[in-house]
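Novice: File model.txt follows (compact mmCIF, C-alpha atoms):
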# COMPACT_ATOMS: atom_id res chain seq x y z
CA MET A 117 23.13 -53.91 -29.60
CA CYS A 118 21.42 -52.96 -26.37
CA SER A 119 17.97 -52.04 -27.62
CA GLY A 120 17.32 -49.71 -24.70
CA MET A 121 20.51 -47.78 -25.32
CA LYS A 122 20.06 -47.56 -29.08
CA SER A 123 16.40 -46.58 -28.85
CA LYS A 124 17.22 -43.71 -26.47
CA VAL A 125 19.94 -42.42 -28.80
CA ILE A 126 17.63 -42.59 -31.82
CA GLU A 127 14.87 -40.89 -29.83
CA ALA A 128 17.26 -38.05 -28.86
CA ILE A 129 18.49 -37.64 -32.46
CA THR A 130 14.90 -37.46 -33.73
CA LYS A 131 13.38 -35.36 -30.93
CA TYR A 132 16.09 -32.71 -30.94
CA SER A 133 16.95 -32.82 -34.69
CA LEU A 134 20.60 -33.50 -33.90
CA LEU A 135 21.64 -34.68 -37.36
CA ASN A 136 19.47 -32.64 -39.72
CA ASP A 137 21.45 -31.93 -42.92
CA VAL A 138 24.63 -33.26 -41.25
CA ASN A 139 26.96 -35.77 -42.88
CA ARG A 140 30.05 -35.41 -40.67
CA VAL A 141 30.13 -36.29 -36.95
CA THR A 142 33.20 -35.96 -34.74
CA VAL A 143 32.92 -37.77 -31.41
CA ALA A 144 34.71 -36.17 -28.45
CA LEU A 145 36.53 -39.26 -27.22
CA SER A 146 38.12 -39.26 -23.77
CA GLY A 147 38.39 -43.04 -23.56
CA GLY A 148 35.91 -43.24 -20.67
CA ALA A 149 32.80 -45.40 -20.66
CA ASP A 150 30.44 -42.63 -21.81
CA SER A 151 32.43 -41.52 -24.85
CA MET A 152 33.38 -45.07 -25.84
CA SER A 153 29.68 -45.99 -25.78
CA LEU A 154 28.87 -42.98 -27.92
CA LEU A 155 31.55 -43.84 -30.46
CA ASN A 156 30.35 -47.45 -30.72
CA VAL A 157 26.70 -46.47 -31.10
CA PHE A 158 27.55 -44.18 -34.00
CA TYR A 159 29.95 -46.73 -35.49
CA GLU A 160 27.18 -49.33 -35.68
CA MET A 161 24.69 -46.81 -37.11
CA LYS A 162 27.01 -44.85 -39.42
CA ASP A 163 25.75 -46.48 -42.60
CA GLU A 164 22.13 -46.18 -41.49
CA LEU A 165 22.66 -42.51 -40.59
CA LYS A 166 24.87 -41.89 -43.66
CA ILE A 167 27.54 -40.04 -41.72
CA ASP A 168 31.29 -39.65 -41.96
CA LEU A 169 32.40 -40.66 -38.45
CA ARG A 170 35.57 -39.28 -36.86
CA ALA A 171 36.90 -38.84 -33.32
CA ALA A 172 38.90 -36.23 -31.39
CA HIS A 173 40.89 -36.62 -28.16
CA PHE A 174 42.23 -33.83 -25.95
CA ASN A 175 45.00 -34.62 -23.44
CA HIS A 176 44.67 -32.27 -20.44
CA LYS A 177 48.09 -33.37 -19.12
CA ILE A 178 46.77 -33.29 -15.56
CA ARG A 179 47.39 -36.94 -14.70
CA GLY A 180 50.85 -37.35 -16.23
CA SER A 181 51.58 -40.86 -17.50
CA GLU A 182 47.99 -41.93 -16.87
CA ALA A 183 46.74 -39.25 -19.30
CA ASP A 184 49.33 -40.32 -21.88
CA SER A 185 48.19 -43.91 -21.46
CA ASP A 186 44.58 -42.86 -22.10
CA GLU A 187 45.68 -41.09 -25.28
CA GLN A 188 47.48 -44.20 -26.49
CA PHE A 189 44.42 -46.34 -25.72
CA VAL A 190 42.22 -44.05 -27.81
CA ARG A 191 44.72 -44.04 -30.67
CA GLU A 192 44.85 -47.82 -30.81
CA TYR A 193 41.08 -48.25 -30.52
CA CYS A 194 40.30 -45.84 -33.35
CA LYS A 195 42.96 -47.45 -35.50
CA SER A 196 41.35 -50.85 -34.94
CA LEU A 197 38.01 -49.49 -36.21
CA GLY A 198 39.53 -47.46 -39.02
CA ILE A 199 38.19 -44.20 -37.56
CA GLU A 200 40.13 -41.00 -38.22
CA LEU A 201 41.34 -39.49 -34.94
CA PHE A 202 42.45 -35.94 -34.14
CA VAL A 203 44.62 -35.49 -31.06
CA SER A 204 45.75 -32.38 -29.20
CA GLY A 205 46.60 -31.36 -25.65
CA ALA A 206 47.66 -28.57 -23.32
CA ASP A 207 49.06 -28.00 -19.84
CA VAL A 208 45.71 -27.18 -18.25
CA LEU A 209 47.08 -26.61 -14.74
CA ARG A 210 49.54 -24.00 -15.95
CA TYR A 211 46.91 -22.33 -18.14
CA ALA A 212 44.47 -22.18 -15.22
CA LYS A 213 47.09 -20.61 -12.95
CA GLU A 214 48.19 -18.03 -15.53
CA ASN A 215 44.59 -17.03 -16.28
CA HIS A 216 43.31 -17.19 -12.69
CA GLU A 217 40.67 -19.79 -13.57
CA SER A 218 39.56 -23.01 -11.94
CA THR A 219 41.05 -26.21 -13.35
CA GLU A 220 37.58 -27.35 -14.46
CA LEU A 221 36.85 -24.13 -16.34
CA ALA A 222 40.28 -24.02 -17.99
CA ALA A 223 40.01 -27.66 -19.09
CA ARG A 224 36.57 -27.09 -20.58
CA LYS A 225 37.63 -23.94 -22.43
CA LEU A 226 40.72 -25.49 -24.01
CA ARG A 227 38.95 -28.74 -24.85
CA TYR A 228 36.04 -27.00 -26.60
CA GLU A 229 38.36 -24.71 -28.56
CA PHE A 230 40.12 -27.79 -29.90
CA LEU A 231 36.88 -29.59 -30.72
CA GLU A 232 35.58 -26.58 -32.63
CA SER A 233 38.79 -26.45 -34.64
CA VAL A 234 38.36 -30.02 -35.96
CA ALA A 235 34.60 -29.98 -36.64
CA ASP A 236 35.22 -29.23 -40.32
CA GLY A 237 31.69 -28.08 -41.10
CA GLY A 238 30.02 -30.92 -39.22
CA VAL A 239 28.86 -31.44 -35.64
CA VAL A 240 30.76 -32.54 -32.55
CA ALA A 241 29.06 -35.20 -30.43
CA THR A 242 29.87 -35.10 -26.72
CA ALA A 243 28.97 -37.92 -24.34
CA HIS A 244 26.89 -35.94 -21.83
CA THR A 245 24.17 -38.08 -20.27
CA ALA A 246 21.00 -37.53 -18.25
CA SER A 247 23.15 -38.20 -15.17
CA ASP A 248 25.52 -35.37 -16.18
CA SER A 249 22.54 -33.09 -16.69
CA LEU A 250 21.26 -33.91 -13.19
CA GLU A 251 24.67 -33.04 -11.73
CA THR A 252 24.68 -29.74 -13.63
CA VAL A 253 21.24 -28.77 -12.29
CA LEU A 254 22.29 -29.55 -8.72
CA LEU A 255 25.59 -27.72 -9.13
CA ASN A 256 23.89 -24.62 -10.52
CA LEU A 257 21.20 -24.74 -7.86
CA SER A 258 23.80 -24.93 -5.08
CA ARG A 259 25.60 -21.85 -6.42
CA GLY A 260 22.47 -19.84 -7.17
CA THR A 261 21.14 -19.61 -10.69
CA ALA A 262 18.46 -18.16 -12.94
CA LEU A 263 15.95 -20.36 -14.78
CA LYS A 264 18.42 -21.18 -17.53
CA GLY A 265 20.70 -22.90 -15.02
CA LEU A 266 17.87 -25.28 -14.12
CA CYS A 267 17.35 -26.39 -17.71
CA GLY A 268 20.21 -28.86 -17.48
CA ILE A 269 22.55 -29.64 -20.37
CA PRO A 270 20.89 -28.83 -23.72
CA ALA A 271 20.71 -31.58 -26.30
CA LYS A 272 22.13 -29.19 -28.87
CA ARG A 273 24.13 -25.97 -28.67
CA GLY A 274 25.67 -24.67 -31.87
CA ILE A 275 27.77 -27.40 -33.45
CA PHE A 276 27.74 -29.51 -30.27
CA ILE A 277 25.19 -32.32 -29.94
CA ARG A 278 24.50 -34.71 -27.02
CA PRO A 279 23.01 -37.95 -28.39
CA LEU A 280 23.27 -39.66 -24.96
CA ILE A 281 21.27 -36.97 -23.16
CA MET A 282 18.36 -39.38 -22.56
CA CYS A 283 20.64 -42.15 -21.26
CA THR A 284 21.63 -42.61 -17.63
CA ARG A 285 25.00 -43.70 -16.33
CA SER A 286 23.54 -47.12 -15.57
CA ASP A 287 22.45 -47.40 -19.22
CA ILE A 288 26.06 -46.75 -20.25
CA GLU A 289 27.48 -49.34 -17.87
CA LYS A 290 24.98 -51.95 -19.03
CA TYR A 291 25.74 -51.26 -22.69
CA CYS A 292 29.50 -51.49 -22.20
CA GLY A 293 29.06 -54.79 -20.38
CA GLU A 294 26.84 -56.31 -23.06
CA LYS A 295 29.05 -55.16 -25.93
CA GLU A 296 32.29 -55.93 -24.06
CA ILE A 297 33.59 -52.43 -24.75
CA SER A 298 36.89 -51.60 -23.13
CA TYR A 299 37.34 -48.17 -21.57
CA VAL A 300 39.64 -46.28 -19.24
CA THR A 301 38.75 -44.77 -15.88
CA ASP A 302 39.92 -41.26 -15.08
CA SER A 303 41.33 -41.44 -11.54
CA THR A 304 40.19 -37.86 -10.87
CA ASN A 305 36.60 -39.09 -11.18
CA LEU A 306 37.09 -41.34 -8.17
CA CYS A 307 37.95 -38.64 -5.62
CA ASP A 308 36.02 -35.68 -4.23
CA ASP A 309 38.62 -33.04 -5.13
CA TYR A 310 36.30 -31.61 -7.78
CA THR A 311 32.89 -30.11 -7.04
CA ARG A 312 31.02 -32.25 -9.56
CA ASN A 313 32.49 -35.42 -8.04
CA LYS A 314 31.20 -34.46 -4.59
CA ILE A 315 27.70 -34.22 -6.02
CA ARG A 316 28.09 -37.48 -7.93
CA HIS A 317 29.41 -39.51 -5.00
CA ASN A 318 27.60 -37.99 -2.03
CA ILE A 319 24.35 -36.31 -3.06
CA ILE A 320 22.96 -38.28 -5.98
CA PRO A 321 23.02 -41.63 -4.11
CA VAL A 322 20.74 -40.05 -1.47
CA LEU A 323 18.38 -38.78 -4.17
CA LYS A 324 18.31 -42.24 -5.76
CA ASP A 325 17.19 -43.68 -2.42
CA ILE A 326 14.22 -41.33 -2.64
CA ASN A 327 13.58 -41.92 -6.35
CA PRO A 328 15.64 -44.48 -8.31
CA ALA A 329 14.59 -42.71 -11.53
CA VAL A 330 15.71 -39.28 -10.32
CA GLU A 331 17.44 -38.49 -13.64
CA ASN A 332 14.16 -38.89 -15.53
CA GLY A 333 12.27 -36.84 -12.96
CA VAL A 334 14.70 -33.95 -13.09
CA MET A 335 14.83 -34.16 -16.90
CA ARG A 336 11.06 -33.71 -17.11
CA THR A 337 11.29 -30.70 -14.80
CA ALA A 338 14.20 -29.26 -16.78
CA CYS A 339 12.27 -29.62 -20.04
CA SER A 340 9.28 -27.80 -18.55
CA ILE A 341 11.51 -24.99 -17.29
CA ALA A 342 13.22 -24.80 -20.70
CA GLU A 343 9.83 -24.29 -22.39
CA ASP A 344 8.98 -21.40 -20.05
CA CYS A 345 12.47 -20.01 -20.49
CA SER A 346 12.08 -20.05 -24.27
CA PHE A 347 8.82 -18.09 -24.00
CA ILE A 348 10.49 -15.32 -21.95
CA ASP A 349 13.52 -15.34 -24.26
CA GLU A 350 11.32 -14.34 -27.20
CA PHE A 351 10.32 -11.14 -25.43
CA ALA A 352 13.94 -10.50 -24.41
CA ASP A 353 15.13 -10.86 -28.00
CA ARG A 354 12.73 -8.17 -29.20
CA GLU A 355 13.61 -5.87 -26.32
CA TYR A 356 17.33 -6.36 -26.94
CA LYS A 357 17.03 -5.43 -30.62
CA ASN A 358 15.27 -2.20 -29.65
CA ARG A 359 17.96 -1.24 -27.12
CA ILE A 360 21.28 -2.16 -28.72
CA THR A 361 23.07 0.87 -30.22
CA ASN A 362 26.50 1.73 -31.58
CA ASP A 363 27.32 3.38 -28.25
CA GLY A 364 26.29 0.42 -26.09
CA LEU A 365 23.06 -0.86 -24.59
CA SER A 366 20.37 1.72 -23.92
CA VAL A 367 18.88 1.13 -20.46
CA LYS A 368 16.61 4.18 -20.42
CA ASN A 369 13.40 3.33 -18.54
CA LEU A 370 14.64 -0.23 -18.06
CA SER A 371 12.69 -0.34 -14.79
CA ASP A 372 9.51 -0.29 -16.90
CA THR A 373 10.54 -3.63 -18.41
CA HIS A 374 9.82 -6.76 -16.39
CA ILE A 375 12.94 -7.68 -14.44
CA SER A 376 13.00 -11.19 -15.95
CA VAL A 377 13.18 -9.75 -19.46
CA ALA A 378 15.55 -6.93 -18.47
CA LYS A 379 18.15 -9.32 -17.06
CA ARG A 380 18.04 -11.41 -20.20
CA VAL A 381 18.63 -8.28 -22.27
CA ILE A 382 21.70 -7.52 -20.16
CA MET A 383 22.92 -11.11 -20.54
CA ARG A 384 22.65 -10.92 -24.33
CA TYR A 385 24.72 -7.77 -24.38
CA TYR A 386 27.24 -9.35 -22.02
CA GLU A 387 27.58 -12.37 -24.30
CA LEU A 388 28.02 -10.11 -27.33
CA VAL A 389 30.81 -8.02 -25.78
CA CYS A 390 32.52 -10.52 -23.49
CA GLY A 391 32.04 -13.68 -25.54
CA ASP A 392 30.95 -15.60 -22.45
CA THR A 393 28.03 -15.97 -20.07
CA ALA A 394 27.80 -14.29 -16.66
CA ASP A 395 26.44 -15.81 -13.48
CA ASN A 396 23.32 -14.52 -11.78
CA PHE A 397 25.33 -12.63 -9.14
CA HIS A 398 27.06 -10.42 -11.72
CA ILE A 399 23.91 -9.92 -13.79
CA ASN A 400 22.14 -8.67 -10.65
CA GLY A 401 24.98 -6.23 -10.04
CA ILE A 402 24.86 -4.93 -13.61
CA TYR A 403 21.07 -4.60 -13.43
CA GLY A 404 21.48 -2.48 -10.29
CA ILE A 405 23.69 0.12 -11.97
CA CYS A 406 21.35 0.20 -14.98
CA LEU A 407 18.75 1.69 -12.63
CA THR A 408 21.02 4.07 -10.71
CA GLY A 409 24.13 4.61 -12.84
CA GLY A 410 27.61 3.67 -11.67
CA ARG A 411 30.16 0.95 -12.11
CA VAL A 412 30.62 -2.63 -10.90
CA SER A 413 33.40 -5.15 -11.43
CA ILE A 414 32.69 -8.18 -13.60
CA PRO A 415 34.80 -11.24 -14.48
CA ASN A 416 37.97 -11.20 -16.57
CA SER A 417 39.26 -7.87 -15.19
CA MET A 418 36.39 -5.90 -16.69
CA SER A 419 33.92 -3.31 -15.44
CA ALA A 420 30.28 -2.66 -16.28
CA VAL A 421 29.73 1.09 -16.56
CA CYS A 422 26.39 2.86 -16.86
CA GLU A 423 26.39 6.57 -17.73
CA ASN A 424 23.62 8.66 -19.25
CA SER A 425 21.43 5.55 -19.55
CA ILE A 426 24.02 3.71 -21.68
CA LEU A 427 25.54 0.46 -20.46
CA LYS A 428 29.06 -0.48 -21.57
CA PHE A 429 31.58 -3.14 -20.62
CA CYS A 430 35.16 -1.90 -20.34
CA LYS A 431 38.46 -3.69 -19.95
CA LEU A 432 40.27 -2.46 -16.88
CA ASN A 433 43.75 -1.26 -17.79
CA GLU A 434 45.34 -1.13 -14.37
CA GLU A 435 48.73 -0.21 -15.80
CA LYS A 436 47.25 2.89 -17.39
CA PHE A 437 45.88 4.07 -14.05
CA LYS A 438 49.26 3.58 -12.42
CA LYS A 439 51.00 5.72 -15.04
CA THR A 440 48.41 8.52 -15.26
CA ASN A 441 49.59 10.77 -12.45
CA PHE A 442 48.86 14.41 -11.84
CA LYS A 443 51.42 16.97 -10.73
CA VAL A 444 49.68 19.51 -8.50
CA GLU A 445 51.51 22.69 -7.50
CA ILE A 446 50.24 25.12 -4.87
CA SER A 447 51.91 28.53 -4.79
CA LYS A 448 51.22 31.37 -2.37
CA SER A 449 50.95 35.00 -3.45
CA VAL A 450 49.41 38.35 -2.48
CA ASN A 451 45.87 38.89 -3.70
CA ASP A 452 45.64 41.57 -6.36
CA LEU A 453 42.69 40.08 -8.20
CA PHE A 454 40.14 42.74 -7.37
CA GLN A 455 42.35 45.80 -7.59
CA ASN A 456 41.28 48.68 -9.86
CA GLY A 457 37.97 46.99 -10.59
CA GLN A 458 39.55 44.62 -13.11
CA LYS A 459 37.63 41.61 -14.38
CA VAL A 460 38.72 38.27 -12.95
CA ASN A 461 39.01 35.16 -15.13
CA LYS A 462 36.47 32.58 -13.90
CA LEU A 463 38.84 29.69 -14.65
CA PHE A 464 41.48 31.39 -12.50
CA LEU A 465 39.00 31.70 -9.64
CA LYS A 466 38.20 27.98 -9.90
CA ASN A 467 41.84 27.29 -9.08
CA THR A 468 42.55 29.75 -6.27
CA LEU A 469 42.00 29.45 -2.52
CA ASP A 470 41.88 32.02 0.29
CA CYS A 471 44.91 31.20 2.45
CA ASP A 472 43.36 32.49 5.65
CA LYS A 473 40.29 30.28 5.32
CA ILE A 474 42.28 27.04 5.20
CA VAL A 475 41.96 24.89 8.34
CA GLY A 476 45.27 23.23 9.25
CA LYS A 477 47.44 21.67 6.54
CA LEU A 478 46.55 21.04 2.89
CA GLU A 479 46.68 17.53 1.44
CA VAL A 480 46.62 16.48 -2.21
CA ARG A 481 44.92 13.10 -2.67
CA THR A 482 42.22 11.27 -4.61
CA ARG A 483 38.59 11.15 -3.55
CA LEU A 484 37.23 9.27 -0.53
CA SER A 485 33.79 7.70 -0.41
CA SER A 486 32.84 10.12 2.41
CA ASP A 487 33.88 13.27 0.52
CA SER A 488 31.31 16.04 0.06
CA VAL A 489 31.55 19.78 -0.59
CA LYS A 490 29.53 22.97 -0.97
CA LEU A 491 30.75 24.81 -4.05
CA LYS A 492 30.96 28.55 -4.55
CA ASN A 493 27.76 30.07 -5.97
CA ARG A 494 25.88 26.83 -5.30
CA ASN A 495 23.24 25.93 -2.75
CA GLY A 496 23.54 22.79 -0.71
CA THR A 497 26.30 20.28 -0.08
CA LYS A 498 26.87 17.44 -2.57
CA THR A 499 28.96 14.30 -2.52
CA LEU A 500 31.83 14.12 -4.97
CA LYS A 501 30.09 11.16 -6.60
CA LYS A 502 27.08 13.33 -7.46
CA LEU A 503 29.27 16.21 -8.62
CA TYR A 504 31.29 13.94 -10.91
CA THR A 505 28.04 12.67 -12.39
CA GLU A 506 26.70 16.23 -12.80
CA TYR A 507 29.90 17.37 -14.52
CA LYS A 508 29.91 14.21 -16.68
CA ILE A 509 33.32 13.06 -15.48
CA PRO A 510 33.88 9.54 -16.94
CA LEU A 511 33.60 6.80 -14.33
CA CYS A 512 36.95 5.31 -15.30
CA GLU A 513 38.70 8.62 -14.43
CA ARG A 514 37.10 9.50 -11.12
CA ASP A 515 39.27 7.45 -8.78
CA ASN A 516 42.40 8.92 -10.34
CA LEU A 517 41.61 12.66 -10.25
CA PRO A 518 43.32 14.94 -7.69
CA VAL A 519 41.47 16.47 -4.78
CA ILE A 520 42.84 19.01 -2.27
CA ALA A 521 41.58 18.90 1.31
CA ASP A 522 42.38 20.61 4.59
CA GLU A 523 41.65 19.25 8.05
CA LYS A 524 37.97 20.17 7.71
CA GLY A 525 37.37 18.53 4.32
CA VAL A 526 37.55 19.06 0.56
CA VAL A 527 38.55 22.56 -0.59
CA TRP A 528 39.24 21.96 -4.31
CA ILE A 529 38.29 19.38 -6.95
CA TYR A 530 40.04 18.93 -10.29
CA LYS A 531 37.87 20.11 -13.25
CA ILE A 532 35.14 21.34 -10.87
CA GLY A 533 36.44 24.10 -8.59
CA VAL A 534 36.75 25.31 -4.98
CA ALA A 535 34.66 24.96 -1.87
CA LYS A 536 32.57 28.00 -0.97
CA ARG A 537 34.19 28.30 2.48
CA CYS A 538 37.66 28.77 0.94
CA ALA A 539 36.77 30.83 -2.15
CA VAL A 540 38.53 34.15 -2.68
CA ASP A 541 36.60 37.44 -2.48
CA GLU A 542 37.20 41.21 -2.14
CA ASN A 543 38.47 40.73 1.41
CA THR A 544 41.04 38.06 0.56
CA LYS A 545 44.61 39.14 1.32
CA ASN A 546 46.64 36.06 0.37
CA ILE A 547 45.85 33.30 -2.10
CA PHE A 548 46.96 29.83 -3.07
CA LYS A 549 47.25 29.31 -6.86
CA ILE A 550 46.68 25.72 -8.01
CA THR A 551 48.22 24.44 -11.25
CA THR A 552 48.06 20.87 -12.60
CA GLU A 553 49.64 18.81 -15.32
CA THR A 554 49.75 15.12 -16.16
CA VAL A 555 53.04 13.26 -15.93
Using structure tokens, write down the structure from this file.
Specialist:
Amino acid sequence: MCSGMKSKVIEAITKYSLLNDVNRVTVALSGGADSMSLLNVFYEMKDELKIDLRAAHFNHKIRGSEADSDEQFVREYCKSLGIELFVSGADVLRYAKENHESTELAARKLRYEFLESVADGGVVATAHTASDSLETVLLNLSRGTALKGLCGIPAKRGIFIRPLIMCTRSDIEKYCGEKEISYVTDSTNLCDDYTRNKIRHNIIPVLKDINPAVENGVMRTACSIAEDCSFIDEFADREYKNRITNDGLSVKNLSDTHISVAKRVIMRYYELVCGDTADNFHINGIYGICLTGGRVSIPNSMSAVCENSILKFCKLNEEKFKKTNFKVEISKSVNDLFQNGQKVNKLFLKNTLDCDKIVGKLEVRTRLSSDSVKLKNRNGTKTLKKLYTEYKIPLCERDNLPVIADEKGVVWIYKIGVAKRCAVDENTKNIFKITTETV
């Protein structure tokens, strides 16, 4: 046994309490050097650790016969050691295309779903190393990230543990050489088609020229950031509990909360509703509407909507919008509204226009971002956006509601009424009656 390798694994298990009250460990086994090292380390320590050791292999079916060969290699190796092996697979490329996801994200999602399904009350050990953690930090940094993205790969997250997190890739290679452990090499790891590979092959070698122990240096930094992150998280947890309601997340006076805490509160709500994490770009967008109200698009065909100081996440149903159409009829007649001093129904007045005040032709359409109007019996001109907010029109309906405009601008708005310049009065001779129905 390579003492350096074993001591680092034991140190990680002890420091991060990876096996507390655990008697079943399933190793995620790809057949590569990292996972084969992990399996062998646990195999040699299984009696000492008093664990039931198993393995699980997921075939991504990306590399055709090469992937099938890797699966067969893993099957034979586990059989030789008498280790129970669980095997599954999926067409990752097709799944990624159908779900509009990157190949890397789709592979990770399907692989982790499988691993969770075979854990059987124990933990799943993945072969992430200090070198992988360094790549993750650099990848997150290049894309823009909050503090959490600079913490690297955690040693433990739920049922997933990373016993090799204190080992570098060179530690793995040395161990495999000393123990004469066979392993397979994923051909996709040798090219720069994937983002992580570009970092591994082109950036990290430059950093190693500066500091050969760059993994250890970044790990120390990541640990320090993680400690600070944990401190802020405690405040965010308390704030979140005070704001979560049955209607959504209350964001009233959120500007009084430190932005670092506020964004974490939003992230917790996002994780609760969406079952995933959001990147810093989308969290910033959601934070913006929490201060002003409004709607922004977020991943997975969803929208973040903030109305009346309540934040919600809604699934966009594009098909529903396509089918919800309004039939608007405009009929012309002689004005007899004010004859004989009769009272006029206010609702009727909200849906009538003075023909002679119309400029050019009428057009029925939905709102434009530049639309504004001065309503009858109101002072000042307002944008439709402000009027919709004032009249509490749901955000998800606004882009689908009918508006009537002439060549000068908006003259009528569904559910709200007519522009002052086209409203009927005692001098009106001819009117347009507006009727609507959904079809």
Novice: Taking only C-alpha atoms into account, which of A:Asn139, A:Ser218, A:Asn313, A:Thr337 comes nearest Leu266 (chain A)?
Specialist: A:Thr337
Novice: List as a tab-separated table every residue of region 198-261 of chain A that is in contact with region 316-326 of chain A, defined as an atom at most 10 Å from one of its atoms (using all atoms listed in the file), together with the nearest atom pair and the distance in Å rounded to one decimal, sorted by chain and then rising number.
Specialist:
residue	atom	partner	partner_atom	distance
A:Ser247	CA	A:Arg316	CA	8.8
A:Asp248	CA	A:Arg316	CA	8.9
A:Leu250	CA	A:Ile320	CA	8.6
A:Glu251	CA	A:Arg316	CA	6.8
A:Leu254	CA	A:Ile319	CA	9.1
Novice: Which residue, A:Lys498, A:Arg481, A:Lys314, A:Lys490, has the smallest gap to Pro518 (chain A) when you use only C-alpha atoms?
Specialist: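 Among A:Lys498, A:Arg481, A:Lys314, A:Lys490, it is A:Arg481 that comes nearest to Pro518 (chain A).
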Novice: Let me make sure I understand: among A:Gln188, A:Asn215, A:Thr544, A:Ser196, which one has the smallest atom-to-atom distance to Ser417 (chain A) if we use all atoms listed in the file?
Specialist: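 Closest residue, counting all atoms listed in the file: A:Asn215.
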Novice: Contacts of Ser425 (chain A) at 9 Å or less, counting all atoms listed in the file, minus same-chain residues fewer than 3 places along, as number ranges by chain?
Specialist: A: 365-369, 406-409, 422
Novice: What does the distance from CA of Gly265 (chain A) to CA of Pro279 (chain A) come to in Å, to one decimal?
Specialist: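 Computing it gives 20.3 Å between the two atoms.
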Novice: For region 208-220 of chain A in the structure I just supplied, write out N, CA, C and O atoms - as a JSON list (two decimals), in the first residue's frame.
Specialist:
[["chain", "number", "residue", "atom", "x", "y", "z"],
["A", 208, "VAL", "N", -26.90, 9.24, -23.47],
["A", 208, "VAL", "CA", -26.73, 10.59, -22.94],
["A", 208, "VAL", "C", -26.86, 11.64, -24.03],
["A", 208, "VAL", "O", -27.46, 12.70, -23.82],
["A", 209, "LEU", "N", -26.31, 11.37, -25.21],
["A", 209, "LEU", "CA", -26.36, 12.36, -26.30],
["A", 209, "LEU", "C", -27.80, 12.66, -26.70],
["A", 209, "LEU", "O", -28.18, 13.82, -26.90],
["A", 210, "ARG", "N", -28.61, 11.63, -26.80],
["A", 210, "ARG", "CA", -30.02, 11.83, -27.16],
["A", 210, "ARG", "C", -30.76, 12.57, -26.04],
["A", 210, "ARG", "O", -31.54, 13.48, -26.30],
["A", 211, "TYR", "N", -30.49, 12.18, -24.80],
["A", 211, "TYR", "CA", -31.13, 12.84, -23.66],
["A", 211, "TYR", "C", -30.77, 14.33, -23.63],
["A", 211, "TYR", "O", -31.64, 15.18, -23.39],
["A", 212, "ALA", "N", -29.50, 14.63, -23.86],
["A", 212, "ALA", "CA", -29.05, 16.02, -23.84],
["A", 212, "ALA", "C", -29.74, 16.84, -24.92],
["A", 212, "ALA", "O", -30.18, 17.98, -24.69],
["A", 213, "LYS", "N", -29.88, 16.25, -26.10],
["A", 213, "LYS", "CA", -30.53, 16.95, -27.21],
["A", 213, "LYS", "C", -32.01, 17.19, -26.93],
["A", 213, "LYS", "O", -32.53, 18.28, -27.17],
["A", 214, "GLU", "N", -32.68, 16.17, -26.42],
["A", 214, "GLU", "CA", -34.12, 16.28, -26.15],
["A", 214, "GLU", "C", -34.42, 17.27, -25.03],
["A", 214, "GLU", "O", -35.48, 17.90, -25.03],
["A", 215, "ASN", "N", -33.48, 17.42, -24.10],
["A", 215, "ASN", "CA", -33.71, 18.30, -22.95],
["A", 215, "ASN", "C", -32.94, 19.62, -23.04],
["A", 215, "ASN", "O", -32.91, 20.38, -22.07],
["A", 216, "HIS", "N", -32.31, 19.85, -24.20],
["A", 216, "HIS", "CA", -31.60, 21.10, -24.44],
["A", 216, "HIS", "C", -30.55, 21.37, -23.36],
["A", 216, "HIS", "O", -30.45, 22.47, -22.82],
["A", 217, "GLU", "N", -29.76, 20.34, -23.05],
["A", 217, "GLU", "CA", -28.72, 20.45, -22.04],
["A", 217, "GLU", "C", -27.37, 20.11, -22.66],
["A", 217, "GLU", "O", -27.30, 19.44, -23.70],
["A", 218, "SER", "N", -26.31, 20.55, -22.03],
["A", 218, "SER", "CA", -24.98, 20.17, -22.49],
["A", 218, "SER", "C", -24.77, 18.68, -22.22],
["A", 218, "SER", "O", -25.40, 18.10, -21.34],
["A", 219, "THR", "N", -23.86, 18.07, -22.97],
["A", 219, "THR", "CA", -23.58, 16.65, -22.79],
["A", 219, "THR", "C", -23.06, 16.39, -21.37],
["A", 219, "THR", "O", -23.43, 15.41, -20.73],
["A", 220, "GLU", "N", -22.19, 17.30, -20.88],
["A", 220, "GLU", "CA", -21.62, 17.14, -19.55],
["A", 220, "GLU", "C", -22.70, 17.16, -18.47],
["A", 220, "GLU", "O", -22.71, 16.33, -17.56]]
